[in-house]
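J.: Contents of structure39.pdb (PDB, C-alpha atoms) are given next:
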ATOM      1  CA  MET A   9     -23.597 -10.347  21.523
ATOM      2  CA  THR A  10     -21.751  -7.477  20.014
ATOM      3  CA  GLN A  11     -22.993  -5.554  17.015
ATOM      4  CA  ASP A  12     -20.101  -6.973  14.982
ATOM      5  CA  ARG A  13     -21.348 -10.479  15.629
ATOM      6  CA  HIS A  14     -24.874  -9.498  14.521
ATOM      7  CA  SER A  15     -23.569  -8.141  11.227
ATOM      8  CA  ARG A  16     -21.722 -11.346  10.293
ATOM      9  CA  SER A  17     -23.295 -13.799   7.942
ATOM     10  CA  GLU A  18     -24.483 -16.958   9.697
ATOM     11  CA  THR A  19     -23.382 -19.024   6.699
ATOM     12  CA  ARG A  20     -19.852 -17.650   6.682
ATOM     13  CA  GLN A  21     -17.317 -20.376   7.402
ATOM     14  CA  ARG A  22     -14.276 -19.519   9.477
ATOM     15  CA  LEU A  23     -10.767 -20.467   8.397
ATOM     16  CA  GLY A  24     -10.160 -22.666  11.450
ATOM     17  CA  SER A  25     -13.399 -24.559  10.848
ATOM     18  CA  MET A  26     -12.516 -25.011   7.201
ATOM     19  CA  LEU A  27      -9.030 -26.348   8.025
ATOM     20  CA  ALA A  28     -10.437 -28.696  10.661
ATOM     21  CA  GLU A  29     -12.966 -30.053   8.158
ATOM     22  CA  GLN A  30     -10.267 -30.609   5.538
ATOM     23  CA  SER A  31      -8.088 -32.389   8.121
ATOM     24  CA  ARG A  32     -10.945 -34.708   9.077
ATOM     25  CA  ARG A  33     -11.709 -35.396   5.427
ATOM     26  CA  ILE A  34      -8.159 -36.538   4.644
ATOM     27  CA  GLY A  35      -7.828 -38.441   7.932
ATOM     28  CA  LEU A  36      -5.199 -36.249   9.582
ATOM     29  CA  THR A  37      -4.818 -37.137  13.262
ATOM     30  CA  ASN A  38      -3.300 -35.430  16.291
ATOM     31  CA  GLU A  39      -0.499 -38.009  16.107
ATOM     32  CA  ASP A  40       0.262 -36.849  12.537
ATOM     33  CA  ILE A  41       0.502 -33.255  13.731
ATOM     34  CA  ASP A  42       2.747 -34.279  16.652
ATOM     35  CA  ALA A  43       5.075 -36.111  14.242
ATOM     36  CA  LEU A  44       5.276 -33.038  12.005
ATOM     37  CA  GLU A  45       5.991 -30.787  14.990
ATOM     38  CA  GLN A  46       8.862 -33.045  16.122
ATOM     39  CA  THR A  47      10.634 -32.822  12.765
ATOM     40  CA  ARG A  48      10.069 -29.090  12.280
ATOM     41  CA  ASP A  49      13.211 -26.956  12.236
ATOM     42  CA  ARG A  50      12.767 -24.262  14.874
ATOM     43  CA  THR A  51      15.990 -22.426  14.108
ATOM     44  CA  PRO A  52      15.155 -18.754  13.491
ATOM     45  CA  ALA A  53      15.633 -17.777   9.869
ATOM     46  CA  GLU A  54      18.371 -15.319   9.010
ATOM     47  CA  PRO A  55      16.828 -12.042   7.854
ATOM     48  CA  LEU A  56      17.452 -11.260   4.211
ATOM     49  CA  SER A  57      19.545  -8.258   3.375
ATOM     50  CA  PHE A  58      18.270  -5.520   1.084
ATOM     51  CA  GLU A  59      20.458  -6.936  -1.662
ATOM     52  CA  GLU A  60      19.006 -10.425  -1.232
ATOM     53  CA  GLN A  61      15.438  -9.199  -0.970
ATOM     54  CA  VAL A  62      15.283  -6.679  -3.745
ATOM     55  CA  LEU A  63      18.323  -6.396  -5.943
ATOM     56  CA  THR A  64      18.833 -10.115  -6.485
ATOM     57  CA  ARG A  65      15.175 -10.619  -7.339
ATOM     58  CA  LEU A  66      15.218  -7.654  -9.702
ATOM     59  CA  ASP A  67      18.285  -9.066 -11.384
ATOM     60  CA  GLU A  68      16.579 -12.457 -11.772
ATOM     61  CA  ASP A  69      13.477 -10.769 -13.149
ATOM     62  CA  PHE A  70      15.518  -8.820 -15.700
ATOM     63  CA  VAL A  71      17.129 -12.040 -16.895
ATOM     64  CA  GLN A  72      13.848 -13.956 -17.108
ATOM     65  CA  ARG A  73      11.746 -11.197 -18.670
ATOM     66  CA  SER A  74      14.194  -8.808 -20.265
ATOM     67  CA  GLU A  75      11.702  -7.662 -22.882
ATOM     68  CA  GLN A  76       9.195  -6.638 -20.181
ATOM     69  CA  SER A  77      11.415  -5.572 -17.302
ATOM     70  CA  VAL A  78      12.606  -2.242 -18.593
ATOM     71  CA  VAL A  79      10.186  -0.101 -20.534
ATOM     72  CA  ALA A  80      10.501   3.437 -21.757
ATOM     73  CA  MET A  81       8.718   6.053 -19.685
ATOM     74  CA  PRO A  82       5.828   7.557 -21.632
ATOM     75  CA  ALA A  83       6.627  11.098 -22.814
ATOM     76  CA  ALA A  84       3.628  12.594 -20.993
ATOM     77  CA  LEU A  85       4.738  11.082 -17.698
ATOM     78  CA  LEU A  86       8.313  12.243 -18.232
ATOM     79  CA  ASP A  87       7.067  15.774 -18.992
ATOM     80  CA  ARG A  88       4.911  15.791 -15.848
ATOM     81  CA  ALA A  89       7.788  14.526 -13.680
ATOM     82  CA  THR A  90      10.002  17.266 -15.095
ATOM     83  CA  VAL A  91       7.448  19.947 -14.208
ATOM     84  CA  LEU A  92       6.952  18.588 -10.687
ATOM     85  CA  THR A  93      10.678  18.373  -9.930
ATOM     86  CA  GLN A  94      12.076  21.401 -11.761
ATOM     87  CA  ARG A  95      12.483  23.513  -8.607
ATOM     88  CA  MET A  96      13.792  20.714  -6.428
ATOM     89  CA  GLU A  97      17.362  20.757  -5.261
ATOM     90  CA  VAL A  98      18.850  17.423  -4.282
ATOM     91  CA  ASP A  99      22.262  16.917  -2.725
ATOM     92  CA  LEU A 100      23.083  13.303  -3.493
ATOM     93  CA  ASP A 101      25.963  13.409  -1.007
ATOM     94  CA  ALA A 102      23.838  14.658   1.907
ATOM     95  CA  GLU A 103      23.051  12.317   4.778
ATOM     96  CA  ILE A 104      19.534  10.979   5.006
ATOM     97  CA  GLU A 105      17.602  12.467   7.894
ATOM     98  CA  GLY A 106      15.275  10.394  10.050
ATOM     99  CA  ASP A 107      14.917   6.657  10.506
ATOM    100  CA  VAL A 108      15.851   4.734   7.406
ATOM    101  CA  THR A 109      16.024   0.971   7.179
ATOM    102  CA  LEU A 110      17.420  -0.673   4.088
TER     103      LEU A 110
END
Using structure tokens, write down the structure that the file contains.

T.:
Amino acid sequence: MTQDRHSRSETRQRLGSMLAEQSRRIGLTNEDIDALEQTRDRTPAEPLSFEEQVLTRLDEDFVQRSEQSVVAMPAALLDRATVLTQRMEVDLDAEIEGDVTL
């Protein structure tokens, strides 16, 4: 036995054991699983674009919770950000260096 195994609680239930117990309790059979597997769509999902992942969800959030979505930055935080960035020079037209995935 490894030390890791010694440090585990003997009463701890594993996820697989828990799922198996639940399946037995509700009467799920191997035939049920086979039937589910046959109807499962195995077509790979299309990856979401940045716009779909982030911007669309932000837009939906703004519509649903407009009173909470945009809040004013506290003055102390704004002052601190100003101090931290006052000597920074940023060229917004410069290319991004390194690997960037959007």

J.: Atom CA of A:Asp42 and atom CA of A:Glu54, how far apart in Å?

T.: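 Between atom CA of A:Glu54 and atom CA of A:Asp42 the gap is 25.7 Å.
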
J.: Write out as a PyMOL selection string the residues lying within 12 Å of stretch 20-31 of chain A, counting only C-alpha atoms and excluding same-chain residues fewer than 6 positions away.

T.: chain A and resi 13+37-38+40-41

J.: Just to confirm, what's the straight-line distance from atom CA of A:Gln61 to atom CA of A:Ile104 in Å (one decimal)?

T.: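 According to the coordinates, atom CA of A:Gln61 and atom CA of A:Ile104 are separated by 21.4 Å.
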
J.: Please compute the atom CA of A:Ser74-atom CA of A:Thr90 distance, one decimal, in Å.

T.: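 Value for the atom CA of A:Ser74-atom CA of A:Thr90 distance: 26.9 Å.
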